[in-house]
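**Q** This is the content of final_21.cif (mmCIF, C-alpha atoms and all ligand atoms):
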```cif
data_upload
#
loop_
_atom_site.label_atom_id
_atom_site.label_comp_id
_atom_site.auth_asym_id
_atom_site.auth_seq_id
_atom_site.Cartn_x
_atom_site.Cartn_y
_atom_site.Cartn_z
CA MET A 154 0.00 0.00 0.00
CA LEU A 155 1.19 3.50 -0.81
CA TYR A 156 0.10 5.16 2.42
CA SER A 157 0.38 3.90 5.99
CA GLU A 158 -2.71 3.43 8.12
CA LYS A 159 -1.64 6.41 10.21
CA VAL A 160 -1.47 8.67 7.19
CA MET A 161 -4.94 7.54 6.13
CA ASP A 162 -6.24 8.04 9.67
CA HIS A 163 -4.88 11.58 10.00
CA PHE A 164 -6.01 12.42 6.46
CA THR A 165 -9.59 11.22 6.91
CA ASN A 166 -9.86 12.31 10.54
CA PRO A 167 -7.45 15.22 10.99
CA ARG A 168 -6.83 16.55 14.52
CA ASN A 169 -6.77 20.23 15.43
CA VAL A 170 -8.37 21.56 12.26
CA GLY A 171 -9.44 25.17 12.30
CA THR A 172 -8.24 28.58 13.37
CA ILE A 173 -7.55 30.37 16.66
CA GLU A 174 -9.08 33.82 16.61
CA ASP A 175 -6.77 35.45 19.15
CA ALA A 176 -3.72 33.42 18.18
CA ASP A 177 -0.36 34.45 19.64
CA GLY A 178 1.45 33.32 16.52
CA ILE A 179 0.48 32.42 12.95
CA GLY A 180 2.72 30.73 10.44
CA GLU A 181 1.90 30.42 6.78
CA VAL A 182 4.04 28.56 4.32
CA GLY A 183 3.57 27.25 0.82
CA ASN A 184 5.27 25.08 -1.69
CA ALA A 185 5.59 26.83 -5.02
CA LYS A 186 5.81 23.59 -7.00
CA CYS A 187 2.59 21.95 -5.89
CA GLY A 188 0.86 25.15 -4.78
CA ASP A 189 -0.14 23.73 -1.42
CA ILE A 190 -0.52 26.13 1.50
CA MET A 191 -0.43 25.46 5.23
CA ARG A 192 -1.34 27.80 8.06
CA ILE A 193 -0.65 27.08 11.75
CA TYR A 194 -2.11 29.00 14.68
CA ILE A 195 -0.68 28.77 18.19
CA LYS A 196 -1.79 29.94 21.58
CA VAL A 197 1.08 30.25 24.06
CA LYS A 198 0.96 30.13 27.84
CA ASP A 199 4.14 30.26 29.96
CA GLU A 200 6.27 29.48 26.88
CA ILE A 201 4.24 26.33 26.25
CA ILE A 202 2.05 25.65 23.24
CA ASP A 203 -1.30 25.67 24.95
CA ASP A 204 -3.35 25.23 21.80
CA VAL A 205 -2.63 24.73 18.15
CA LYS A 206 -4.82 24.59 15.06
CA PHE A 207 -4.20 24.30 11.35
CA GLU A 208 -5.68 25.04 7.97
CA THR A 209 -4.17 23.23 5.05
CA PHE A 210 -5.10 23.78 1.45
CA GLY A 211 -3.30 20.93 -0.12
CA CYS A 212 -2.81 17.25 -0.67
CA GLY A 213 -3.71 14.42 1.67
CA SER A 214 -0.15 13.99 2.90
CA ALA A 215 0.04 17.69 3.75
CA ILE A 216 -3.19 17.39 5.75
CA ALA A 217 -1.94 14.26 7.54
CA SER A 218 1.43 15.94 8.20
CA SER A 219 -0.13 19.07 9.67
CA SER A 220 -2.48 16.99 11.80
CA MET A 221 0.40 14.91 13.15
CA ALA A 222 2.66 17.95 13.62
CA THR A 223 0.03 19.75 15.70
CA GLU A 224 -0.36 16.64 17.85
CA LEU A 225 3.40 16.45 18.34
CA VAL A 226 3.82 20.07 19.51
CA LYS A 227 0.64 20.45 21.56
CA GLY A 228 1.53 20.99 25.22
CA LYS A 229 5.25 21.23 24.41
CA PRO A 230 7.59 24.06 25.36
CA LEU A 231 8.28 26.41 22.43
CA LYS A 232 11.97 25.54 22.45
CA GLU A 233 11.19 21.87 22.01
CA ALA A 234 8.56 22.52 19.35
CA LEU A 235 11.12 24.53 17.38
CA LYS A 236 13.17 21.35 17.04
CA LEU A 237 10.39 19.41 15.33
CA THR A 238 11.74 18.04 12.08
CA ASN A 239 9.90 16.86 9.02
CA LYS A 240 11.60 13.52 9.61
CA ALA A 241 9.95 13.22 13.02
CA VAL A 242 6.59 14.05 11.47
CA ALA A 243 7.04 11.47 8.69
CA GLU A 244 8.22 8.86 11.18
CA ALA A 245 5.26 9.48 13.46
CA LEU A 246 3.07 8.82 10.42
CA ASP A 247 4.91 5.51 9.83
CA GLY A 248 6.49 6.97 6.74
CA LEU A 249 5.51 8.88 3.64
CA PRO A 250 6.23 7.98 0.03
CA GLN A 251 9.46 9.57 -1.21
CA HIS A 252 7.71 12.06 -3.49
CA LYS A 253 5.49 13.14 -0.60
CA LEU A 254 8.22 13.96 1.87
CA HIS A 255 8.05 17.66 0.99
CA CYS A 256 4.53 17.70 2.45
CA SER A 257 5.99 16.96 5.89
CA VAL A 258 8.59 19.69 5.31
CA LEU A 259 5.72 22.16 5.02
CA ALA A 260 4.50 21.11 8.47
CA GLU A 261 7.91 21.63 10.02
CA GLU A 262 8.21 25.05 8.38
CA ALA A 263 4.72 26.16 9.34
CA ILE A 264 5.21 25.29 13.01
CA ARG A 265 8.52 27.14 13.05
CA ALA A 266 6.97 30.14 11.27
CA ALA A 267 4.16 30.32 13.85
CA ILE A 268 6.64 30.23 16.74
CA ASN A 269 8.83 32.88 15.11
CA ASP A 270 5.77 35.03 14.57
CA TYR A 271 5.01 34.72 18.27
CA TYR A 272 8.57 35.79 19.16
CA ASP A 273 8.38 38.68 16.68
CA LYS A 274 5.16 39.94 18.21
CA LYS A 275 6.63 39.65 21.66
CA GLY A 276 9.78 41.42 20.51
CA THR A 277 12.28 38.74 21.52
CA GLU A 278 14.87 36.93 19.49
FE1 LIG B 1 2.74 19.48 -2.06
FE2 LIG B 1 1.72 17.58 -0.64
S1 LIG B 1 1.91 17.61 -2.81
S2 LIG B 1 2.32 19.51 0.03
#
```
Mind turning the file's structure into structure tokens?
**A**
Amino acid sequence: MLYSEKVMDHFTNPRNVGTIEDADGIGEVGNAKCGDIMRIYIKVKDEIIDDVKFETFGCGSAIASSSMATELVKGKPLKEALKLTNKAVAEALDGLPQHKLHCSVLAEEAIRAAINDYYDKKGTE
């Protein structure tokens, strides 16, 4: 089978879909080649990701990757969440086909962009 059960699960039943109206940080990234776009919203409390939501306009692997990535960073300190790699996302999904690995890269980038946006707004490095 091309996709793991976990990918299918997170694609058909994605976690943390939606937006956060008073988000502390928003990260939006896109892949120019496939045109897919991912947006991550975070709510931060005491330097911990208290809540996280995503909107993904893209392929099934991108949706599964964003769903898994939000699960992986929820409740984590910002510093730890910044270290999330696309490899960790793909592994947590029990793998992605080679030509779909860039979808998990989008998730890594979007999480990082949201955290950086939070730091920017707060005025810290
Ligand atoms: Fe581009 Fe999946 S095909 S994000």
**Q** What residues have any atom no more than 12 Å from ligand LIG 1 (chain B) when counting only C-alpha atoms and all ligand atoms, and can you list them as a PyMOL selection string?
**A** chain A and resi 164+182-191+209-219+249-263
**Q** When you draw a straight line from CA of Thr172 (chain A) to CA of Asn239 (chain A), how long is it in Å?
**A**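 It comes out at 22.0 Å.
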**Q** Between CA of Asp204 (chain A) and CA of Tyr156 (chain A), what is the distance in Å, rounded to a tenth?
**A** 28.1 Å
**Q** Can you tell me, as JSON, the centre and edge lengths (Å, one decimal) of the axis-aligned box enclosing all of region 262-271 of chain A's listed atoms after padding each side by 5 Å?
**A**
```
{"center_x": 6.5, "center_y": 30.0, "center_z": 13.3, "size_x": 14.7, "size_y": 20.0, "size_z": 19.9}
```
**Q** Quick one: pull the distance between CA of Lys159 (chain A) and CA of Asp247 (chain A), Å, one decimal.
**A**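 Value for the CA of Lys159 (chain A)-CA of Asp247 (chain A) distance: 6.6 Å.
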**Q** Env of Ala245 (chain A): 9 Å cut, atoms = all atoms listed in the file, seq-sep filter 5 positions within chain, self excluded. Answer as an MDAnalysis selection string.
**A** chainID A and resid 159 221:222 225 240
**Q** Choose the residue, out of A:Leu155, A:Ala234, A:Val160, A:Ala266, that has the smallest atom-to-atom separation from Leu246 (chain A); count all atoms listed in the file.
**A**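 Under the stated criterion, the closest residue is A:Val160.
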**Q** Which of these residues is nearest to Glu224 (chain A), using all atoms listed in the file: A:Ile179, A:Ala241, A:Val205, A:Ile173?
**A**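 Ranking A:Ile179, A:Ala241, A:Val205, A:Ile173 by distance to Glu224 (chain A), first place goes to A:Val205.
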**Q** Considering only C-alpha atoms, state which residue in the set A:Lys275, A:Phe207, A:Leu231, A:Leu237 is at the smallest distance from Gly180 (chain A).
**A**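 Of all the options, A:Phe207 lies closest to Gly180 (chain A).
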